[in-house]
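Q: Here it is: the structure, laid out below.
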Amino acid sequence: MKTRIILLGILFGQQLSAQSYKKIHAKAIVVDTHNDILMQAADRGTVFDQDLTGKTHSDLTRWKKGGLDVQIFSVYSDGGLKNAYAYANRQMDSLDAVALRNPDKIIKVSNYADMLRAVKQHKIAAMFGVEGGHMIEDDLAKLETLYKRGARYLTLTHNVAPAWATSAADETSPNPVIGKGLNSEGKKGLTDFGRQVVQKMNELGMMIDVSHLGDQSFWDVIKITTKPIIASHSSVYSLVPHRRNLKDEQIKAIAKNGGVIQVNFNPGFIDKSFGEKENAFFKKHAAESDSLTKAGMDEWYMMDWLYKKYSAEAEPMRPPLSMLIDHIDYIVKLVGVDYAGLGSDFDGINLTPQKLDDVTTYPLITKALVEKGYPKKDINKILGGNLLRVLKANEAK
Ligand SMILES: [Zn+2]
């Protein structure tokens with residue numbers, strides 16, 4: 001009898017959660033701090049107010065379907081690119097054009113209050129995050145102009161670092177393209193100008209993004225920032241020791257600073273065994289990848305091409321959704337529920353975790369959190385509340 005009651009209870013509980021997760025998701029303010037669709041818009045002329053199902057992870061209609069409320073669009077250019085600032089502006093133009101054409105669906109917002117208003121009107125609230133300090137071209141006036149255009153975070157470095165800060169790639173495996181592993185003062189970390197950038201961002205109310213940063217740059221930021229910081233798209237190093245992930249001491253420091261870690265969905269960052277599978281895949285298709293690269297195809301697009309062409313091989317490489325949840329759960333257990341969020345990297349990653357095929361699937365994350373026993377108020381924080389707190393704190397004078 002007892003077993004039957006327990007069984008019934010489990011069944012009833014599951015049914016209840018299946019219904020309630022949709023409600024929780026619909027009511028929550030869902031924020032994603034990292035989406036790379038603007039890269040494809042600039043490179044390929046991808047127009048994302050069209051239906052791009054099967055081609056990209058994101059488009060306007062699918063964001064809505066996924067219950068997304070706030071998107072911070074990554075503005076990214078390769079570190080080696082000349083005129084990176086002009087290129088950043090071109091990417092921003094592409095979002096502005098989509099927003100102008102679809103005023104009932106998406107709106108650019110520049111502060112917390114406007115953002116809440118947009119969410120109430122059921123529009124996607126859009127902001128920019130500039131991914132890579134090289135795009136300010138060593139000029140604080142350019143940083144300020146990007147802020148005025150709607151950039152609300154700057155990732156201080158991408159893999160290729162500016163002269164004033166060292167990146168994770170630069171600090172751990174320097175090479176002629178990425179950097180010498182040292183800043184222009186011959187050290188790891190921030191230079192005097194790098195510290196001025198941090199100071200200026202604190203003044204403007206622009207969030208400092210430490211994703212991609214080298215350890216020394218990270219600790220230099222922690223030492224001097226007067227505002228809470230973010231990691232816009234990084235996961236947990238203790239679970240997957242990848243240089244793009246955050247170590248326990250860094251996660252604790254971000255929590256102490258009142259910031260937030262927006263977990264990246266990249267299989268390589270959430271699944272320890274992915275790197276090996278990826279190497280085997282590209283070894284197998286080396287002849288084809290070489291010829292595509294020689295024909296001038298950028299590495300990211302080459303990988304995208306091959307994963308799509310050999311999708312039957314790529315499919316089993318995708319980690320289960322539970323592995324992504326493990327990273328959120330790890331942060332929550334280490335420092336509390338106030339410091340985790342979502343920074344998917346959709347359209348910047350070639351493969352996603354299983355079931356998270358595109359931006360329509362955000363509700364599955366809510367479902368997984370409900371099934372793991374997370375209460376509604378905690379889920380709301382992870383889906384967006386934590387990031388909103390940090391955004392607001394950055395605006396405070
Ligand atoms: Zn990135």
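Residue numbers start at 1 in each chain; chains themselves are named A, B, ... in the order of the structure tokens; ligands are numbered from 1 in the order shown.
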List every residue of stretch 80-325 of chain A that DSSP, applied to the backbone, labels as helix (DSSP H, G or I), and write the result as an NGL selection string.
A: :A and (84-101 or 112-120 or 133-136 or 140-148 or 168-172 or 192-204 or 215-224 or 248-256 or 267-270 or 274-284 or 286-294 or 299-309 or 311-317 or 321-325)
Q: Any chance you could export the current selection's C-alpha atoms as a short mmCIF file (atom, residue, chain, number, x, y, z; two decimals), in the first residue's frame?
A:
data_model
loop_
_atom_site.label_atom_id
_atom_site.label_comp_id
_atom_site.auth_asym_id
_atom_site.auth_seq_id
_atom_site.Cartn_x
_atom_site.Cartn_y
_atom_site.Cartn_z
CA ALA A 84 37.69 46.00 -35.74
CA TYR A 85 35.81 49.04 -34.41
CA ALA A 86 34.17 49.69 -37.78
CA TYR A 87 33.27 46.01 -38.03
CA ALA A 88 31.70 46.12 -34.55
CA ASN A 89 29.57 49.05 -35.68
CA ARG A 90 28.49 47.14 -38.77
CA GLN A 91 27.26 44.27 -36.60
CA MET A 92 25.37 46.74 -34.44
CA ASP A 93 23.80 48.22 -37.60
CA SER A 94 22.41 44.80 -38.51
CA LEU A 95 20.54 44.50 -35.22
CA ASP A 96 19.34 48.10 -35.42
CA ALA A 97 17.88 47.34 -38.86
CA VAL A 98 15.99 44.29 -37.57
CA ALA A 99 14.67 46.29 -34.60
CA LEU A 100 13.52 49.11 -36.92
CA ARG A 101 11.67 46.67 -39.15
CA TYR A 112 17.07 48.36 -16.58
CA ALA A 113 13.85 50.39 -16.48
CA ASP A 114 13.44 50.41 -20.27
CA MET A 115 14.16 46.72 -20.30
CA LEU A 116 11.36 45.96 -17.85
CA ARG A 117 9.01 48.10 -19.93
CA ALA A 118 9.88 46.15 -23.08
CA VAL A 119 9.33 42.83 -21.29
CA LYS A 120 5.90 44.01 -20.11
CA GLY A 133 38.75 44.62 -26.05
CA HIS A 134 40.60 44.92 -29.38
CA MET A 135 37.42 46.44 -30.82
CA ILE A 136 37.92 49.69 -28.87
CA LEU A 140 38.41 55.14 -24.42
CA ALA A 141 36.30 57.44 -26.63
CA LYS A 142 35.47 54.44 -28.82
CA LEU A 143 34.52 52.45 -25.72
CA GLU A 144 32.15 55.25 -24.77
CA THR A 145 30.63 55.38 -28.28
CA LEU A 146 29.97 51.63 -28.19
CA TYR A 147 28.32 52.13 -24.81
CA LYS A 148 26.13 54.90 -26.25
CA ALA A 168 43.21 32.74 -21.22
CA ALA A 169 44.48 31.49 -24.59
CA ASP A 170 47.32 34.00 -24.56
CA GLU A 171 48.40 33.19 -20.98
CA THR A 172 48.23 29.40 -21.38
CA ASP A 192 47.87 50.77 -16.82
CA PHE A 193 45.57 51.41 -19.81
CA GLY A 194 43.72 48.15 -19.08
CA ARG A 195 42.99 49.46 -15.59
CA GLN A 196 41.71 52.70 -17.13
CA VAL A 197 39.32 50.64 -19.28
CA VAL A 198 37.94 48.91 -16.17
CA GLN A 199 37.60 52.24 -14.38
CA LYS A 200 35.84 53.84 -17.34
CA MET A 201 33.42 50.91 -17.59
CA ASN A 202 32.64 51.20 -13.88
CA GLU A 203 31.90 54.91 -14.39
CA LEU A 204 29.72 54.33 -17.44
CA ASP A 215 43.83 34.20 -14.72
CA GLN A 216 46.12 37.15 -14.03
CA SER A 217 43.82 39.59 -15.88
CA PHE A 218 40.87 38.14 -13.95
CA TRP A 219 42.49 38.78 -10.57
CA ASP A 220 43.57 42.27 -11.64
CA VAL A 221 39.92 43.04 -12.50
CA ILE A 222 38.66 41.65 -9.19
CA LYS A 223 41.13 43.84 -7.34
CA ILE A 224 40.04 47.14 -8.88
CA ASP A 248 36.45 27.44 -7.90
CA GLU A 249 38.42 30.39 -6.49
CA GLN A 250 37.25 32.54 -9.41
CA ILE A 251 33.62 31.50 -8.91
CA LYS A 252 33.93 32.35 -5.22
CA ALA A 253 35.49 35.73 -6.07
CA ILE A 254 32.68 36.56 -8.50
CA ALA A 255 30.10 35.66 -5.84
CA LYS A 256 31.89 37.83 -3.29
CA PRO A 267 29.79 20.87 -25.49
CA GLY A 268 33.54 21.38 -25.18
CA PHE A 269 33.04 23.36 -21.96
CA ILE A 270 30.40 21.17 -20.30
CA PHE A 274 33.94 16.05 -25.88
CA GLY A 275 37.44 17.25 -26.84
CA GLU A 276 38.55 13.72 -27.69
CA LYS A 277 35.45 13.08 -29.81
CA GLU A 278 35.94 16.37 -31.60
CA ASN A 279 39.57 15.56 -32.40
CA ALA A 280 38.59 12.15 -33.78
CA PHE A 281 35.87 13.72 -35.96
CA PHE A 282 38.19 16.28 -37.54
CA LYS A 283 41.00 13.74 -37.93
CA LYS A 284 38.63 11.55 -39.89
CA ALA A 286 41.02 16.12 -42.28
CA ALA A 287 41.29 16.03 -46.07
CA GLU A 288 37.97 17.79 -46.48
CA SER A 289 38.57 20.33 -43.72
CA ASP A 290 41.99 21.16 -45.18
CA SER A 291 40.60 21.75 -48.63
CA LEU A 292 37.78 23.94 -47.28
CA THR A 293 40.27 25.97 -45.25
CA LYS A 294 42.59 26.29 -48.25
CA GLU A 299 37.54 27.78 -39.40
CA TRP A 300 34.21 28.29 -37.59
CA TYR A 301 32.20 28.02 -40.81
CA MET A 302 34.27 25.03 -41.93
CA MET A 303 33.42 23.21 -38.67
CA ASP A 304 29.77 24.16 -39.02
CA TRP A 305 29.75 22.84 -42.59
CA LEU A 306 31.28 19.48 -41.66
CA TYR A 307 29.08 18.94 -38.59
CA LYS A 308 26.00 19.58 -40.75
CA LYS A 309 27.24 17.38 -43.59
CA SER A 311 25.24 15.04 -38.83
CA ALA A 312 24.78 11.30 -38.21
CA GLU A 313 28.32 11.26 -36.77
CA ALA A 314 27.96 14.58 -34.97
CA GLU A 315 24.66 13.73 -33.29
CA PRO A 316 26.05 11.18 -30.77
CA MET A 317 28.83 13.63 -29.87
CA LEU A 321 21.25 18.29 -21.28
CA SER A 322 21.87 17.05 -17.71
CA MET A 323 25.57 17.94 -18.10
CA LEU A 324 24.67 21.59 -18.63
CA ILE A 325 22.46 21.49 -15.55
#
Q: Which residues of chain A come within 12 Å of ligand 1, and what is each one's closest atom pair and distance in Å (one decimal), counting only C-alpha atoms and all ligand atoms, sorted by chain and residue number, as a Markdown table?
A:
| residue | atom | partner | partner_atom_place_in_ligand_line | distance |
| --- | --- | --- | --- | --- |
| A:Thr33 | CA | ligand 1 | 1 (Zn) | 11.1 |
| A:His34 | CA | ligand 1 | 1 (Zn) | 8.2 |
| A:Asn35 | CA | ligand 1 | 1 (Zn) | 9.4 |
| A:Asp36 | CA | ligand 1 | 1 (Zn) | 8.7 |
| A:Met39 | CA | ligand 1 | 1 (Zn) | 11.5 |
| A:Phe73 | CA | ligand 1 | 1 (Zn) | 11.7 |
| A:Ser74 | CA | ligand 1 | 1 (Zn) | 8.5 |
| A:Val75 | CA | ligand 1 | 1 (Zn) | 10.0 |
| A:Tyr76 | CA | ligand 1 | 1 (Zn) | 8.2 |
| A:Ser77 | CA | ligand 1 | 1 (Zn) | 10.3 |
| A:Asp78 | CA | ligand 1 | 1 (Zn) | 10.6 |
| A:Gly79 | CA | ligand 1 | 1 (Zn) | 11.7 |
| A:Gly129 | CA | ligand 1 | 1 (Zn) | 10.7 |
| A:Val130 | CA | ligand 1 | 1 (Zn) | 10.1 |
| A:Glu131 | CA | ligand 1 | 1 (Zn) | 6.8 |
| A:Gly132 | CA | ligand 1 | 1 (Zn) | 8.6 |
| A:Leu154 | CA | ligand 1 | 1 (Zn) | 11.4 |
| A:Thr155 | CA | ligand 1 | 1 (Zn) | 8.5 |
| A:Leu156 | CA | ligand 1 | 1 (Zn) | 11.0 |
| A:Thr157 | CA | ligand 1 | 1 (Zn) | 9.2 |
| A:His158 | CA | ligand 1 | 1 (Zn) | 6.4 |
| A:Asn159 | CA | ligand 1 | 1 (Zn) | 7.9 |
| A:Val160 | CA | ligand 1 | 1 (Zn) | 10.8 |
| A:Ser167 | CA | ligand 1 | 1 (Zn) | 11.4 |
| A:Ala168 | CA | ligand 1 | 1 (Zn) | 11.3 |
| A:Ala169 | CA | ligand 1 | 1 (Zn) | 11.5 |
| A:Asp209 | CA | ligand 1 | 1 (Zn) | 10.5 |
| A:Val210 | CA | ligand 1 | 1 (Zn) | 10.4 |
| A:Ser211 | CA | ligand 1 | 1 (Zn) | 7.1 |
| A:His212 | CA | ligand 1 | 1 (Zn) | 6.6 |
| A:Leu213 | CA | ligand 1 | 1 (Zn) | 10.3 |
| A:Ala231 | CA | ligand 1 | 1 (Zn) | 10.2 |
| A:Ser232 | CA | ligand 1 | 1 (Zn) | 8.5 |
| A:His233 | CA | ligand 1 | 1 (Zn) | 6.7 |
| A:Ser234 | CA | ligand 1 | 1 (Zn) | 8.4 |
| A:Ser235 | CA | ligand 1 | 1 (Zn) | 11.7 |
| A:Arg243 | CA | ligand 1 | 1 (Zn) | 12.0 |
| A:Arg244 | CA | ligand 1 | 1 (Zn) | 8.6 |
| A:Asn245 | CA | ligand 1 | 1 (Zn) | 11.2 |
| A:Gln262 | CA | ligand 1 | 1 (Zn) | 12.0 |
| A:Val263 | CA | ligand 1 | 1 (Zn) | 11.8 |
| A:Asn264 | CA | ligand 1 | 1 (Zn) | 9.2 |
| A:Phe265 | CA | ligand 1 | 1 (Zn) | 11.4 |
| A:Asn266 | CA | ligand 1 | 1 (Zn) | 10.0 |
| A:Phe269 | CA | ligand 1 | 1 (Zn) | 11.4 |
| A:Gly343 | CA | ligand 1 | 1 (Zn) | 9.9 |
| A:Ser344 | CA | ligand 1 | 1 (Zn) | 10.2 |
| A:Asp345 | CA | ligand 1 | 1 (Zn) | 7.3 |
| A:Phe346 | CA | ligand 1 | 1 (Zn) | 10.6 |
| A:Asp347 | CA | ligand 1 | 1 (Zn) | 10.9 |
| A:Gly348 | CA | ligand 1 | 1 (Zn) | 7.4 |
| A:Ile349 | CA | ligand 1 | 1 (Zn) | 9.0 |
Q: Restricting the output to C-alpha atoms, write the selected residues as a compact mmCIF listing (two decimals), in the first residue's frame.
A:
# COMPACT_ATOMS: atom_id res chain seq x y z
CA THR A 33 23.90 37.09 -22.23
CA HIS A 34 25.57 35.56 -25.26
CA ASN A 35 24.29 34.95 -28.77
CA ASP A 36 26.49 35.24 -31.85
CA MET A 39 28.53 37.51 -36.55
CA PHE A 73 23.86 40.21 -28.59
CA SER A 74 27.52 39.47 -28.88
CA VAL A 75 29.42 41.86 -31.13
CA TYR A 76 32.46 39.89 -32.16
CA SER A 77 35.33 40.28 -34.54
CA ASP A 78 38.36 38.15 -35.00
CA GLY A 79 41.30 39.64 -33.12
CA GLY A 129 27.91 42.85 -25.47
CA VAL A 130 31.18 43.62 -27.23
CA GLU A 131 33.34 40.50 -27.28
CA GLY A 132 36.95 41.53 -27.35
CA LEU A 154 32.70 44.46 -22.86
CA THR A 155 34.54 41.14 -22.78
CA LEU A 156 37.98 42.53 -22.04
CA THR A 157 39.69 40.02 -24.31
CA HIS A 158 38.72 37.37 -26.81
CA ASN A 159 41.27 34.59 -27.46
CA VAL A 160 43.38 37.13 -29.29
CA SER A 167 43.58 36.33 -22.43
CA ALA A 168 43.21 32.74 -21.22
CA ALA A 169 44.48 31.49 -24.59
CA ASP A 209 32.88 40.49 -18.77
CA VAL A 210 35.67 38.16 -17.66
CA SER A 211 34.90 35.27 -20.03
CA HIS A 212 38.03 34.54 -22.14
CA LEU A 213 40.28 36.37 -19.64
CA ALA A 231 31.25 35.94 -17.02
CA SER A 232 28.94 36.20 -20.04
CA HIS A 233 29.59 32.66 -21.36
CA SER A 234 31.79 30.41 -19.21
CA SER A 235 31.26 27.15 -17.36
CA ARG A 243 40.91 27.27 -20.06
CA ARG A 244 37.61 28.99 -20.91
CA ASN A 245 35.99 27.73 -17.70
CA GLN A 262 26.34 32.82 -17.16
CA VAL A 263 26.87 29.19 -18.05
CA ASN A 264 27.97 28.40 -21.63
CA PHE A 265 26.21 25.55 -23.52
CA ASN A 266 29.32 24.68 -25.57
CA PHE A 269 33.04 23.36 -21.96
CA GLY A 343 25.01 32.55 -21.58
CA SER A 344 24.19 30.01 -24.27
CA ASP A 345 26.63 31.01 -27.02
CA PHE A 346 23.92 29.97 -29.52
CA ASP A 347 25.12 30.61 -33.08
CA GLY A 348 28.65 30.87 -31.76
CA ILE A 349 28.94 27.15 -31.04
Q: Contacts between stretch 55-69 of chain A and stretch 322-367 of chain A, please, where a residue of stretch 322-367 of chain A counts if it comes within 8 Å (with only C-alpha atoms); show its shortest atom pair and distance in Å to one decimal, rows by chain and ascending number, as JSON lines.
A:
{"residue": "A:Phe346", "atom": "CA", "partner": "A:His57", "partner_atom": "CA", "distance": 5.9}
{"residue": "A:Asp347", "atom": "CA", "partner": "A:His57", "partner_atom": "CA", "distance": 5.6}
{"residue": "A:Asp357", "atom": "CA", "partner": "A:His57", "partner_atom": "CA", "distance": 7.0}
{"residue": "A:Asp358", "atom": "CA", "partner": "A:His57", "partner_atom": "CA", "distance": 4.4}
{"residue": "A:Val359", "atom": "CA", "partner": "A:Trp63", "partner_atom": "CA", "distance": 5.6}
{"residue": "A:Thr360", "atom": "CA", "partner": "A:Gly66", "partner_atom": "CA", "distance": 3.7}
{"residue": "A:Thr361", "atom": "CA", "partner": "A:Gly66", "partner_atom": "CA", "distance": 5.6}
{"residue": "A:Tyr362", "atom": "CA", "partner": "A:Gly66", "partner_atom": "CA", "distance": 5.4}
{"residue": "A:Pro363", "atom": "CA", "partner": "A:Gly66", "partner_atom": "CA", "distance": 6.4}
Q: Need the shell around A:Tyr237: protein/DNA/RNA residues with any atom at most 7 Å away, counting only C-alpha atoms. Skip same-chain ones fewer than 5 positions apart. Format as a PDB file with C-alpha atoms, in the first residue's frame?
A:
ATOM      1  CA  HIS A 242      39.120  23.905 -20.109  1.00  0.00           C
ATOM      2  CA  ASN A 245      35.990  27.732 -17.698  1.00  0.00           C
ATOM      3  CA  LEU A 246      36.167  29.267 -14.233  1.00  0.00           C
ATOM      4  CA  LYS A 247      38.063  27.757 -11.333  1.00  0.00           C
TER       5      LYS A 247
END
Q: Hey, what's within 9 Å of A:Lys227 if we count only C-alpha atoms and toss same-chain stuff fewer than 6 positions away? As JSON, numbers by chain, please?
A: {"A": [202, 205, 207, 208, 257, 258, 259, 390, 393, 394, 396]}
Q: Would you output that residue set with C-alpha atoms, as a JSON list (two decimals), in the first residue's frame?
A:
[["chain", "number", "residue", "atom", "x", "y", "z"],
["A", 202, "ASN", "CA", 32.64, 51.20, -13.88],
["A", 205, "GLY", "CA", 27.81, 51.46, -15.82],
["A", 207, "MET", "CA", 29.40, 45.42, -17.10],
["A", 208, "ILE", "CA", 32.89, 43.94, -17.18],
["A", 257, "ASN", "CA", 31.89, 40.68, -5.81],
["A", 258, "GLY", "CA", 28.12, 40.24, -6.29],
["A", 259, "GLY", "CA", 28.53, 39.24, -9.94],
["A", 390, "VAL", "CA", 24.04, 42.84, -11.74],
["A", 393, "ALA", "CA", 23.98, 47.44, -9.74],
["A", 394, "ASN", "CA", 26.18, 48.59, -12.62],
["A", 396, "ALA", "CA", 23.96, 52.78, -9.84]]
